[in-house]
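Report on the following structure.
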Number of protein chains: 8
Amino acid sequence: MDVKNILQQVKNGEISIDHALHELKTQPFKDFDYAKVDFHRKIRNGAGEVIYGAGKTSDQIIGIMKTMIENDQKSILVTRLNKESALKIKEEIDLEYYEDAKIGIYGNLPNSSGLGKIVIATGGTSDIPVAEEAALTAEFLGNEVVRLYDVGVAGLHRLLAHLDILADASVVIAIAGMEGALASVIGGLVDAPVIAVPTSIGYGAAFNGVAALLSMLNSCASGVSVVNIDNGFGAGYMANMINHMEAK
Amino acid sequence: MDVKNILQQVKNGEISIDHALHELKTQPFKDFDYAKVDFHRKIRNGAGEVIYGAGKTSDQIIGIMKTMIENDQKSILVTRLNKESALKIKEEIDLEYYEDAKIGIYGNLPNSSGLGKIVIATGGTSDIPVAEEAALTAEFLGNEVVRLYDVGVAGLHRLLAHLDILADASVVIAIAGMEGALASVIGGLVDAPVIAVPTSIGYGAAFNGVAALLSMLNSCASGVSVVNIDNGFGAGYMANMINHMEAK
Amino acid sequence: MDVKNILQQVKNGEISIDHALHELKTQPFKDFDYAKVDFHRKIRNGAGEVIYGAGKTSDQIIGIMKTMIENDQKSILVTRLNKESALKIKEEIDLEYYEDAKIGIYGNLPNSSGLGKIVIATGGTSDIPVAEEAALTAEFLGNEVVRLYDVGVAGLHRLLAHLDILADASVVIAIAGMEGALASVIGGLVDAPVIAVPTSIGYGAAFNGVAALLSMLNSCASGVSVVNIDNGFGAGYMANMINHMEAK
Amino acid sequence: MDVKNILQQVKNGEISIDHALHELKTQPFKDFDYAKVDFHRKIRNGAGEVIYGAGKTSDQIIGIMKTMIENDQKSILVTRLNKESALKIKEEIDLEYYEDAKIGIYGNLPNSSGLGKIVIATGGTSDIPVAEEAALTAEFLGNEVVRLYDVGVAGLHRLLAHLDILADASVVIAIAGMEGALASVIGGLVDAPVIAVPTSIGYGAAFNGVAALLSMLNSCASGVSVVNIDNGFGAGYMANMINHMEAK
Amino acid sequence: MDVKNILQQVKNGEISIDHALHELKTQPFKDFDYAKVDFHRKIRNGAGEVIYGAGKTSDQIIGIMKTMIENDQKSILVTRLNKESALKIKEEIDLEYYEDAKIGIYGNLPNSSGLGKIVIATGGTSDIPVAEEAALTAEFLGNEVVRLYDVGVAGLHRLLAHLDILADASVVIAIAGMEGALASVIGGLVDAPVIAVPTSIGYGAAFNGVAALLSMLNSCASGVSVVNIDNGFGAGYMANMINHMEAK
Amino acid sequence: MDVKNILQQVKNGEISIDHALHELKTQPFKDFDYAKVDFHRKIRNGAGEVIYGAGKTSDQIIGIMKTMIENDQKSILVTRLNKESALKIKEEIDLEYYEDAKIGIYGNLPNSSGLGKIVIATGGTSDIPVAEEAALTAEFLGNEVVRLYDVGVAGLHRLLAHLDILADASVVIAIAGMEGALASVIGGLVDAPVIAVPTSIGYGAAFNGVAALLSMLNSCASGVSVVNIDNGFGAGYMANMINHMEAK
Amino acid sequence: MDVKNILQQVKNGEISIDHALHELKTQPFKDFDYAKVDFHRKIRNGAGEVIYGAGKTSDQIIGIMKTMIENDQKSILVTRLNKESALKIKEEIDLEYYEDAKIGIYGNLPNSSGLGKIVIATGGTSDIPVAEEAALTAEFLGNEVVRLYDVGVAGLHRLLAHLDILADASVVIAIAGMEGALASVIGGLVDAPVIAVPTSIGYGAAFNGVAALLSMLNSCASGVSVVNIDNGFGAGYMANMINHMEAK
Amino acid sequence: MDVKNILQQVKNGEISIDHALHELKTQPFKDFDYAKVDFHRKIRNGAGEVIYGAGKTSDQIIGIMKTMIENDQKSILVTRLNKESALKIKEEIDLEYYEDAKIGIYGNLPNSSGLGKIVIATGGTSDIPVAEEAALTAEFLGNEVVRLYDVGVAGLHRLLAHLDILADASVVIAIAGMEGALASVIGGLVDAPVIAVPTSIGYGAAFNGVAALLSMLNSCASGVSVVNIDNGFGAGYMANMINHMEAK
């Protein structure tokens with residue numbers, strides 16, 4: 001019985017006010033038509049759905065995807081999807097698999113919309129898997145992405161040689177392991193919001209991304225915020241939100 | 001001598017190409033008309049300047065402010081300013097001092113512009129100093145700010161009672177110490193970007209903000225990014241950037 | 001307008017169902033008569049209120065207390081209250097102040113109820129302030145408390161000499177700093193739930209309570225759970241809940 | 001020779017007082033009729049025994065179980081039991097194996113007793129193995145368990161939709177990895193004791209459960225206590241103790 | 001009533017066996033004549049008592065000392081005693097106060113006994129307070145102590161110049177902050193047991209003694225064991241035990 | 001040319017003083033007759049040699065052992081030796097391999113000497129490999145060892161039932177993982193030096209032995225010192241030194 | 001078009017000043033004749049190139065090497081190269097592979113130049129792989145290297161026996177795991193700069209090199225600086241720079 | 001009696017060979033004419049002495065200085081000297097005190113020697129005290145120092161504007177707190193050795209210099225080595241050694 005029904009029955013005198021009150025109290029949430037039911041899975045009307053693949057079996061993922069597709073979902077993004085699972089899913093569903101990003105995509109990527117381009121910069125080539133997770137997420141959500149890989153601060157000229165690309169960015173995602181200085185340097189160069197992603201690349205006192213994480217949290221540049229180590233999806237998602245800001 | 005001058009002199013034959021080359025090499029940066037020279041101090045043409053007050057004496061701050069004012073700067077924000085320094089500065093400069101935020105402001109706050117409202121939510125009343133640092137920063141940079149204080153998740157009804165305010169936000173700044181769960185809960189409720197600020201409020205295993213920091217970095221909600229512990233300024237600055245996004 | 005009113009107006013035809021729906025949606029929480037509104041402050045019908053004193057000025061506390069008293073609150077517990085604030089409060093409100101526990105109590109302690117006695121054991125005499133915070137909290141909430149102080153495991157005979165007291169406990173709160181072994185030893189001796197409280201007592205590798213915290217979390221005894229370092233209030237509160245369990 | 005015998009012999013003059021003194025000194029413990037001899041293995045008269053399977057070979061476990069069974073033990077719970085060992089044990093003993101919980105059970109589960117229901121809530125589906133360890137432990141010890149899985153705070157409506165289940169709980173076990181906010185949110189919603197279990201689910205700055213552990217220890221909600229990371233057994237055991245509280 | 005009395009009364013028929021059983025059960029420990037009742041305070045028959053002064057008021061210490069002296073205690077060691085407390089105690093009790101070691105001693109030091117000399121070596125002069133705590137403890141317990149201060153490994157010749165003293169040691173206490181290498185070097189040079197004491201001397205990555213602690217725990221030399229940071233008393237006590245080993 | 005020779009040649013006028021000086025300077029150490037040359041490998045005249053097996057190939061170990069045996073070494077202990085290497089060594093050398101302790105021994109164990117017995121106690125059965133490393137080391141070095149396994153503090157009666165064994169110890173090695181409380185409890189019960197060994201047994205917040213390590217370093221009992229996590233060899237070696245103390 | 005060309009064209013009137021300005025702005029870096037373009041790959045004119053092999057596939061490495069060789073590169077060093085990749089590369093390129101150092105070298109090692117010898121000392125034999133990475137790097141860059149392995153401080157005589165080698169060093173690289181004391185001892189003995197390399201050798205509280213790292217950072221000897229855990233390449237590179245210092 | 005004397009007496013038959021042997025053994029180090037006796041205090045013949053002032057009273061420092069001056073020491077550097085002590089020393093000794101660097105200098109600074117200039121760069125103005133400690137140390141030891149302060153990477157143009165100064169450096173000391181990115185950026189720009197000094201400047205997740213320390217240890221640039229947090233002296237000393245390298 002939904003809230004409208006309850007009210008209707010009150011109006012009709014079919015149930016007492018006390019009864020209605022009890023009904024409303026014991027199930028107050030499930031029938032309310034909030035704008036954002038199960039928000040963390042549904043991103044935007046007409047847009048794609050996202051499945052977090054880690055810890056799910058290929059059968060579970062197939063099950064979820066089939067239900068979505070039956071409900072007319074046109075595109076689905078699966079993150080943290082290992083190759084074995086991807087191959088099994090492909091036997092039943094038409095999935096495009098990106099091995100480095102560990103991402104599978106069902107359906108077509110949308111045309112890019114948004115305020116401008118999302119530039120994704122990495123310190124080294126080892127950071128590319130995280131960068132591709134961010135890039136594909138952003139593209140899946142309807143953004144134009146510019147990849148600027150291997151521009152770490154140890155060879156500053158490589159970064160400076162692409163100042164025009166950075167200056168043109170709507171949002172920048174700065175991805176680096178080791179000492180993570182890239183986020184601060186970019187943060188000091190550009191006027192756009194910078195989402196910093198520490199990666200677990202490095203060894204010894206890199207502590208699986210902790211050095212880069214602390215470096216990024218302490219950035220002396222303004223306009224830098226940070227997501228979890230290796231969280232390319234989170235950065236791509238956040239950048240998409242910023243790149244689709246509208247007057248409210 | 002700026003670059004245009006150098007080129008003009010080359011054109012005019014006033015200096016040799018080698019001389020021009022030397023000029024360009026030895027001071028290649030200071031004369032280039034980058035969009036963002038000394039960006040971290042200057043925020044936007046016509047907008048206010050920011051001085052990071054920590055570790056600066058009142059005399060140093062007065063000196064910097066006077067120079068700015070002489071250069072027609074209309075408004076200046078001084079962060080991390082203790083009361084003693086503020087009182088000394090007020091003897092010479094017309095400064096408004098906000099003690100809880102440890103912020104001093106010279107000049108008038110601008111009219112608010114931007115895409116919408118920045119909602120600043122805190123878990124408890126002890127988080128308010130950090131929240132006010134964020135709020136005043138955002139207001140100084142031209143944003144309308146809505147304060148939603150003391151809505152920690154232990155009393156969820158308080159937060160839920162203000163869903164309308166959250167739903168109306170352009171950007172949300174979620175500020176909390178202790179377990180920092182506020183960022184995840186808000187991240188799950190709203191569709192706007194959330195900037196999470198861990199605070200050093202708490203005791204024992206709160207480890208001066210580390211518990212809240214880790215909690216926020218691991219938020220299970222999408223669209224949450226994090227700044228340093230107690231970094232209200234950074235959050236306000238980032239929120240301002242997002243709230244002023246334009247097509248590029 | 002509360003929910004009952006809304007329903008009444010629907011019944012009377014004074015407002016439309018859509019209007020009622022809107023009313024329910026936009027303020028769905030504040031008027032619902034949940035059993036536990038603002039739970040973290042109100043503990044039990046007819047029981048005392050708790051104010052967390054840390055980070056509040058004496059004026060703020062006085063204001064809150066006066067409002068409570070005007071609303072017929074008979075007893076109030078203020079935790080983490082320093083002596084200076086307590087003295088100021090006493091000028092206006094009849095407050096009993098316990099300096100070691102940093103607790104102030106307005107009104108009378110209730111008669112003890114509950115299933116049995118709460119035994120509070122400490123490893124040393126330095127742990128007593130935390131123990132007293134737990135003890136007074138439990139007493140304020142209506143429990144009989146037995147204090148068993150300075151029974152650390154380095155002098156095991158002292159603990160074993162009071163086995164009868166432990167065996168008689170309904171709940172045990174085990175409080176210790178340094179190596180925190182007391183919780184495991186008591187956990188192995190008694191059949192009652194044990195709430196372990198690490199304290200910040202110790203030096204060097206005690207790391208302000210971390211050693212005791214880890215020790216307690218890793219207790220090899222079953223039936224032990226842990227609260228934050230120095231969190232006497234939390235332990236007393238939890239013990240009270242357990243000691244007042246009823247068939248549901 | 002038990003203590004009563006020694007005393008009898010003293011009375012009868014069969015042994016000297018010095019001899020009796022020596023007897024009492026050299027074996028003072030094993031003959032005393034304490035209420036709780038070898039408590040951590042025997043849980044309750046007539047109840048099941050528990051074997052901690054980690055680090056034990058299947059042969060060792062078979063040996064222990066056979067001895068127990070020969071001593072008329074009707075039911076046995078084996079925790080942290082891997083599949084290989086379980087299969088070997090099943091060749092000789094009638095064991096029910098629960099692979100996700102890594103638990104093996106010999107004998108029948110008892111009818112549920114206790115004050116009410118134990119509700120076990122998890123933040124995500126990846127937390128289910130820990131939850132099942134808790135659930136089976138509680139059921140083995142005679143409790144009715146209600147499973148409320150995948151109700152993490154990022155989708156708050158899912159949790160709120162089951163408020164009635166939570167409100168009906170005698171004890172709640174809140175299990176979550178990542179940021180562990182579930183414990184605080186539930187702690188703020190319900191009036192029952194909450195046992196929080198951090199899990200090692202997550203990546204990067206989750207640090208194998210440390211983020212969730214710290215989050216839970218710092219819960220701003222009262223009535224929450226914490227067990228070790230992934231310690232489903234400990235939570236189930238503690239919840240059972242609380243759900244079986246009696247006047248003492 | 002002690003155990004012998006109980007047995008005597010049983011023998012005499014003055015109390016029943018059940019009564020005796022009850023007596024033995026309810027206070028089984030305090031009357032047993034163990035060799036080591038309340039061991040952590042009493043060290044050896046005829047030897048001195050130790051009071052841990054930290055966290056005790058001067059009044060509490062005076063009270064304890066007076067009781068001991070009334071019970072014919074000839075010498076008492078008070079550790080972690082600050083100057084203020086010491087001065088107050090000296091008004092009532094004849095106390096010798098050693099300010100650097102923060103130790104107060106009542107009564108005369110015993111003649112040294114034991115197998116040989118305890119050599120106490122420090123890396124620098126800043127480690128001397130911890131060293132003196134160890135030295136006075138060892139002397140108070142009846143050991144000859146040789147002080148070898150400021151022989152850190154950065155000036156290896158200073159240490160090597162005293163090889164004869166080290167070679168002559170029965171036990172060595174190696175005390176160092178910063179990198180704590182002294183323990184390993186001495187451990188490699190001598191044939192005697194080495195008790196290593198990390199100190200909180202240093203700055204930055206010394207982390208208040210953690211660097212030295214880890215260094216000492218990982219000593220590549222055999223025959224080195226470690227006590228807590230700054231725990232001079234523990235080292236002196238352990239060295240005394242080793243220096244007084246006897247055939248058992 | 002040894003020092004005596006150099007001096008003889010100086011005396012005889014066979015070499016100049018400057019030449020002698022040069023000789024002494026360039027090789028000042030290798031010819032000095034220190035009591036302890038290459039101490040960490042040779043333990044005691046006539047006693048066994050020790051090889052640290054970790055990180056050495058079976059061929060390297062065979063090589064070292066053959067050289068030792070050719071030099072009339074009668075017994076050799078190899079620690080941290082994995083099974084594969086042990087099997088290869090056994091093809092060429094008569095080695096006794098103890099798989100749980102990961103120790104290989106060549107030659108016969110000596111008769112036990114020393115002041116008394118070394119008691120080795122463990123908290124659980126999982127700690128036995130570390131305990132056996134300690135036990136075999138101590139036995140190899142000529143000590144009588146008493147094993148007291150699985151006497152963790154959660155079942156205190158098990159430990160107390162063997163008080164006589166503990167009271168009879170010359171040295172006690174207390175080995176435990178998880179919360180490591182065993183060392184403190186034994187330290188409070190016995191009058192002998194206690195060498196505490198934290199083990200990496202446990203999960204979650206045990207942090208691979210860190211919880212037990214901190215617990216042991218903070219022991220509230222006197223006479224306890226600590227070696228590295230899982231360092232059974234170091235404990236056995238230290239205990240041997242203490243058990244062989246002689247007047248010096 | 002390089003800068004000189006641009007200037008020439010300005011002079012010649014072939015392009016406008018605005019055009020020239022645009023040219024300079026959009027590619028301001030790549031054509032500037034800085035002394036150090038792409039420095040981190042090219043080390044010295046005429047010297048070898050370095051490829052960081054970690055995270056690169058053998059195909060990627062082959063591609064890079066072939067390009068370099070086609071550009072007349074005479075020698076190439078590949079670090080962190082596993083055996084599988086090395087074997088594949090050797091099928092196509094004439095590579096010398098050093099398995100312990102995980103280094104591959106193409107081309108001939110240069111004659112040694114520099115101010116003197118680089119002495120590389122290790123604490124144990126397990127540190128040799130890191131030492132060889134340092135040694136081969138230094139040799140590849142044109143330095144004479146003296147290896148002084150297994151001279152840890154537990155057997156100080158071994159180190160002291162080679163004082164002449166140390167005294168003769170131009171730079172010393174001190175490599176050690178466990179407690180890392182070697183750097184301090186050598187730093188105190190020699191007058192040359194010491195580059196300290198902590199290694200991940202050890203167990204338990206060695207924390208994969210953290211103990212050695214902290215030890216080295218806190219060295220009480222002057223003239224010691226530190227590189228990352230296991231960073232043999234970094235140490236060899238730094239030592240080479242120092243050993244090739246020239247008047248500037 | 002020095003070694004030459006001993007040998008002379010042996011030659012002269014004034015002492016026996018055994019006597020000489022004893023003399024050499026018991027004091028083998030203090031008379032050997034090593035190049036570096038008590039090195040950490042004496043830096044170079046004719047050069048200044050250094051006193052580490054932390055933890056020394058003004059009286060102790062005065063005593064040491066007077067002895068040095070009586071022994072014709074011409075210049076002395078005192079580090080970590082607080083203002084109070086400096087003022088007391090100045091009453092008796094002609095000391096120049098530098099308050100920001102907490103350094104006192106007796107005597108004249110030497111003329112600069114060395115291979116070139118030492119450039120000292122800081123990220124911010126708050127890092128200047130550490131920088132001045134490094135600068136004065138280097139100047140005291142005879143180096144020309146160029147100060148390049150407040151050139152943090154958030155305003156990259158400031159750093160790039162001084163490329164000529166950096167390019168001209170013999171050694172660079174890069175000093176920064178917060179995220180410490182300066183060291184990597186400079187390391188990538190210059191061809192000279194870089195000594196990186198993390199500072200404790202920053203807040204929150206800067207963890208008193210740990211973030212900068214980790215960042216610097218993980219620098220992706222070659223030719224960077226690191227000293228302890230805030231260790232300006234160590235950096236200045238190391239830079240001096242490198243700047244005075246000579247062929248050996």
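Just remember, in the structure tokens the first chain shown is A, the second B, etc., residues are 1-based per chain, and ligands are 1-based in the order shown.
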query: Mind listing as an MDAnalysis selection string which residues of chain G are within 10 Å of chain E, counting only C-alpha atoms?
result: chainID G and resid 123:124 152:157 177:190 202:207 210:222
Only N, CA and C atoms, please: the residues just picked out, written as a tab-separated table (two decimals), in the first residue's frame.
chain	number	residue	atom	x	y	z
G	123	GLY	N	75.49	-5.13	4.87
G	123	GLY	CA	75.45	-5.75	6.17
G	123	GLY	C	75.49	-7.27	6.10
G	124	GLY	N	74.78	-7.83	5.11
G	124	GLY	CA	74.73	-9.29	5.02
G	124	GLY	C	74.77	-9.74	3.57
G	152	GLY	N	78.43	-6.61	8.32
G	152	GLY	CA	77.46	-6.04	9.26
G	152	GLY	C	78.06	-5.80	10.64
G	153	VAL	N	77.41	-4.91	11.38
G	153	VAL	CA	77.99	-4.46	12.63
G	153	VAL	C	77.98	-5.51	13.73
G	154	ALA	N	77.23	-6.59	13.56
G	154	ALA	CA	77.25	-7.62	14.60
G	154	ALA	C	78.63	-8.28	14.66
G	155	GLY	N	79.40	-8.20	13.60
G	155	GLY	CA	80.76	-8.73	13.61
G	155	GLY	C	81.71	-7.61	13.22
G	156	LEU	N	81.87	-6.70	14.16
G	156	LEU	CA	82.50	-5.43	13.85
G	156	LEU	C	83.92	-5.60	13.31
G	157	HIS	N	84.60	-6.66	13.77
G	157	HIS	CA	85.98	-6.88	13.32
G	157	HIS	C	86.06	-7.03	11.81
G	177	GLY	N	69.73	-4.15	5.74
G	177	GLY	CA	68.35	-4.32	6.16
G	177	GLY	C	68.32	-4.39	7.67
G	178	MET	N	67.40	-5.16	8.19
G	178	MET	CA	67.26	-5.33	9.65
G	178	MET	C	67.38	-3.99	10.37
G	179	GLU	N	68.41	-3.81	11.21
G	179	GLU	CA	68.47	-2.57	11.98
G	179	GLU	C	69.27	-1.48	11.29
G	180	GLY	N	69.89	-1.76	10.15
G	180	GLY	CA	70.50	-0.71	9.34
G	180	GLY	C	71.61	0.08	10.01
G	181	ALA	N	72.24	-0.50	11.01
G	181	ALA	CA	73.25	0.27	11.77
G	181	ALA	C	74.52	0.52	10.96
G	182	LEU	N	74.69	-0.23	9.88
G	182	LEU	CA	75.93	-0.13	9.10
G	182	LEU	C	76.20	1.30	8.65
G	183	ALA	N	75.15	2.01	8.23
G	183	ALA	CA	75.34	3.36	7.71
G	183	ALA	C	75.93	4.28	8.76
G	184	SER	N	75.43	4.18	9.99
G	184	SER	CA	75.93	5.04	11.05
G	184	SER	C	77.38	4.71	11.39
G	185	VAL	N	77.68	3.43	11.48
G	185	VAL	CA	79.04	3.04	11.85
G	185	VAL	C	80.02	3.48	10.78
G	186	ILE	N	79.69	3.25	9.52
G	186	ILE	CA	80.59	3.69	8.45
G	186	ILE	C	80.65	5.22	8.42
G	187	GLY	N	79.51	5.86	8.59
G	187	GLY	CA	79.49	7.32	8.61
G	187	GLY	C	80.41	7.89	9.67
G	188	GLY	N	80.54	7.18	10.77
G	188	GLY	CA	81.42	7.64	11.83
G	188	GLY	C	82.88	7.33	11.56
G	189	LEU	N	83.14	6.38	10.67
G	189	LEU	CA	84.53	5.96	10.42
G	189	LEU	C	85.18	6.71	9.26
G	190	VAL	N	84.40	7.07	8.25
G	190	VAL	CA	85.02	7.62	7.05
G	190	VAL	C	84.74	9.11	6.89
G	202	GLY	N	64.87	-8.90	6.32
G	202	GLY	CA	64.50	-8.99	7.72
G	202	GLY	C	63.11	-9.57	7.85
G	203	TYR	N	62.60	-9.60	9.06
G	203	TYR	CA	61.25	-10.14	9.28
G	203	TYR	C	60.66	-9.45	10.50
G	204	GLY	N	59.42	-9.70	10.76
G	204	GLY	CA	58.77	-9.13	11.94
G	204	GLY	C	58.84	-7.63	11.94
G	205	ALA	N	59.41	-7.07	13.02
G	205	ALA	CA	59.44	-5.62	13.19
G	205	ALA	C	60.42	-4.93	12.25
G	206	ALA	N	60.99	-5.64	11.30
G	206	ALA	CA	61.77	-4.97	10.25
G	206	ALA	C	60.82	-4.25	9.31
G	207	PHE	N	59.58	-4.70	9.25
G	207	PHE	CA	58.53	-4.07	8.46
G	207	PHE	C	59.00	-3.76	7.04
G	210	VAL	N	61.39	-0.71	6.82
G	210	VAL	CA	61.08	0.52	7.54
G	210	VAL	C	62.05	0.72	8.71
G	211	ALA	N	62.37	-0.36	9.42
G	211	ALA	CA	63.29	-0.22	10.56
G	211	ALA	C	64.64	0.31	10.08
G	212	ALA	N	65.15	-0.27	9.00
G	212	ALA	CA	66.44	0.19	8.48
G	212	ALA	C	66.35	1.62	7.96
G	213	LEU	N	65.25	1.94	7.30
G	213	LEU	CA	65.07	3.29	6.77
G	213	LEU	C	65.10	4.32	7.90
G	214	LEU	N	64.32	4.08	8.96
G	214	LEU	CA	64.29	5.03	10.06
G	214	LEU	C	65.66	5.13	10.72
G	215	SER	N	66.28	4.00	10.89
G	215	SER	CA	67.62	3.98	11.49
G	215	SER	C	68.57	4.87	10.70
G	216	MET	N	68.54	4.73	9.39
G	216	MET	CA	69.48	5.49	8.55
G	216	MET	C	69.14	6.98	8.53
G	217	LEU	N	67.85	7.30	8.53
G	217	LEU	CA	67.46	8.72	8.55
G	217	LEU	C	67.89	9.39	9.84
G	218	ASN	N	67.97	8.61	10.91
G	218	ASN	CA	68.33	9.15	12.21
G	218	ASN	C	69.79	8.97	12.54
G	219	SER	N	70.58	8.66	11.54
G	219	SER	CA	71.99	8.39	11.82
G	219	SER	C	72.61	9.52	12.62
G	220	CYS	N	73.32	9.14	13.67
G	220	CYS	CA	73.99	10.14	14.49
G	220	CYS	C	75.29	10.59	13.83
G	221	ALA	N	75.67	9.98	12.73
G	221	ALA	CA	76.87	10.41	12.02
G	221	ALA	C	76.51	11.46	10.98
G	222	SER	N	77.39	12.42	10.76
G	222	SER	CA	77.18	13.43	9.74
G	222	SER	C	77.65	12.87	8.39
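Least-squares fitting of chain D to chain H, using every C-alpha atom paired in order, leaves a residual RMSD of 0.5 Å.
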message: Which residues are near Lys83 of chain B? Cut-off 8 Å, only C-alpha atoms, ignore same chain within fewer than 2 positions. Put them as a PyMOL selection string.
response: chain B and resi 81+85-87+99+102
Selection file, all heavy atoms, as a compact mmCIF listing (two decimals), in the first residue's frame:
# COMPACT_ATOMS: atom_id res chain seq x y z
N LEU B 81 44.62 32.99 10.79
CA LEU B 81 45.08 34.21 11.43
C LEU B 81 44.68 34.17 12.90
O LEU B 81 43.49 34.10 13.23
CB LEU B 81 44.41 35.41 10.73
CG LEU B 81 44.76 36.81 11.25
CD1 LEU B 81 46.20 37.15 10.97
CD2 LEU B 81 43.85 37.83 10.57
N SER B 85 47.47 38.49 16.14
CA SER B 85 47.87 39.12 14.89
C SER B 85 46.74 39.97 14.33
O SER B 85 46.95 41.09 13.84
CB SER B 85 48.27 38.06 13.86
OG SER B 85 49.47 37.44 14.26
N ALA B 86 45.53 39.45 14.41
CA ALA B 86 44.39 40.19 13.87
C ALA B 86 44.25 41.55 14.55
O ALA B 86 44.04 42.58 13.89
CB ALA B 86 43.11 39.38 14.05
N LEU B 87 44.39 41.57 15.87
CA LEU B 87 44.25 42.83 16.59
C LEU B 87 45.32 43.83 16.16
O LEU B 87 45.05 45.02 15.99
CB LEU B 87 44.32 42.58 18.10
CG LEU B 87 43.10 41.83 18.66
CD1 LEU B 87 43.27 41.54 20.14
CD2 LEU B 87 41.83 42.65 18.42
N GLU B 99 36.64 35.13 14.56
CA GLU B 99 37.52 34.41 15.48
C GLU B 99 37.41 32.89 15.34
O GLU B 99 38.40 32.18 15.36
CB GLU B 99 37.24 34.84 16.92
CG GLU B 99 38.29 34.32 17.88
CD GLU B 99 38.12 34.91 19.27
OE1 GLU B 99 37.35 35.88 19.43
OE2 GLU B 99 38.76 34.40 20.19
N LYS B 102 39.13 31.84 12.32
CA LYS B 102 40.49 32.37 12.27
C LYS B 102 40.75 33.01 10.90
O LYS B 102 41.79 32.80 10.28
CB LYS B 102 41.52 31.29 12.55
CG LYS B 102 41.52 30.82 14.00
CD LYS B 102 42.74 29.99 14.32
CE LYS B 102 42.69 29.44 15.74
NZ LYS B 102 42.47 30.47 16.76
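You will find atom CA of Lys90 of chain H at 19.5 Å from atom CA of Asn71 of chain H.
Rounded to one decimal, atom CA of Ile61 of chain E and atom CA of Val130 of chain E lie 21.7 Å from each other.
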message: Residues of segment 39-135 of chain D classed as strand (DSSP E or B) by DSSP on the backbone are to be reported as a PyMOL selection string.
response: chain D and resi 42+49-52+76-79+95-98+103-106+117-122
- prompt: Can you list, as a list in words, every protein, DNA or RNA residue that comes within 9 Å of Ala101 of chain C when you count only C-alpha atoms, leaving out same-chain residues fewer than 3 positions away?
  reply: Thr79, Arg80, Leu81, Tyr97, Tyr98, Gly104, Ile128, Pro129, Val130, Ala131, Glu132, Glu133, Ala134, Ala135, Leu136 and Gly232 of chain C
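When the distance limit is 7 Å and only C-alpha atoms are what count, the residues near Met238 of chain F, minus those fewer than 4 positions from it on the same chain, are Pro193, Gly223 and Val224 of chain E; Gly234 and Ile242 of chain F.
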File of the preceding selection, C-alpha atoms, as a PDB file, in the first residue's frame:
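The file below, part17.pdb, is the result:
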ATOM      1  CA  PRO E 193      73.513 -10.563  27.651  1.00  0.00           C
ATOM      2  CA  GLY E 223      71.937 -12.008  22.813  1.00  0.00           C
ATOM      3  CA  VAL E 224      70.049  -8.721  22.669  1.00  0.00           C
TER       4      VAL E 224
ATOM      5  CA  GLY F 234      66.919 -15.015  19.536  1.00  0.00           C
ATOM      6  CA  ILE F 242      71.160 -16.146  31.088  1.00  0.00           C
TER       7      ILE F 242
END
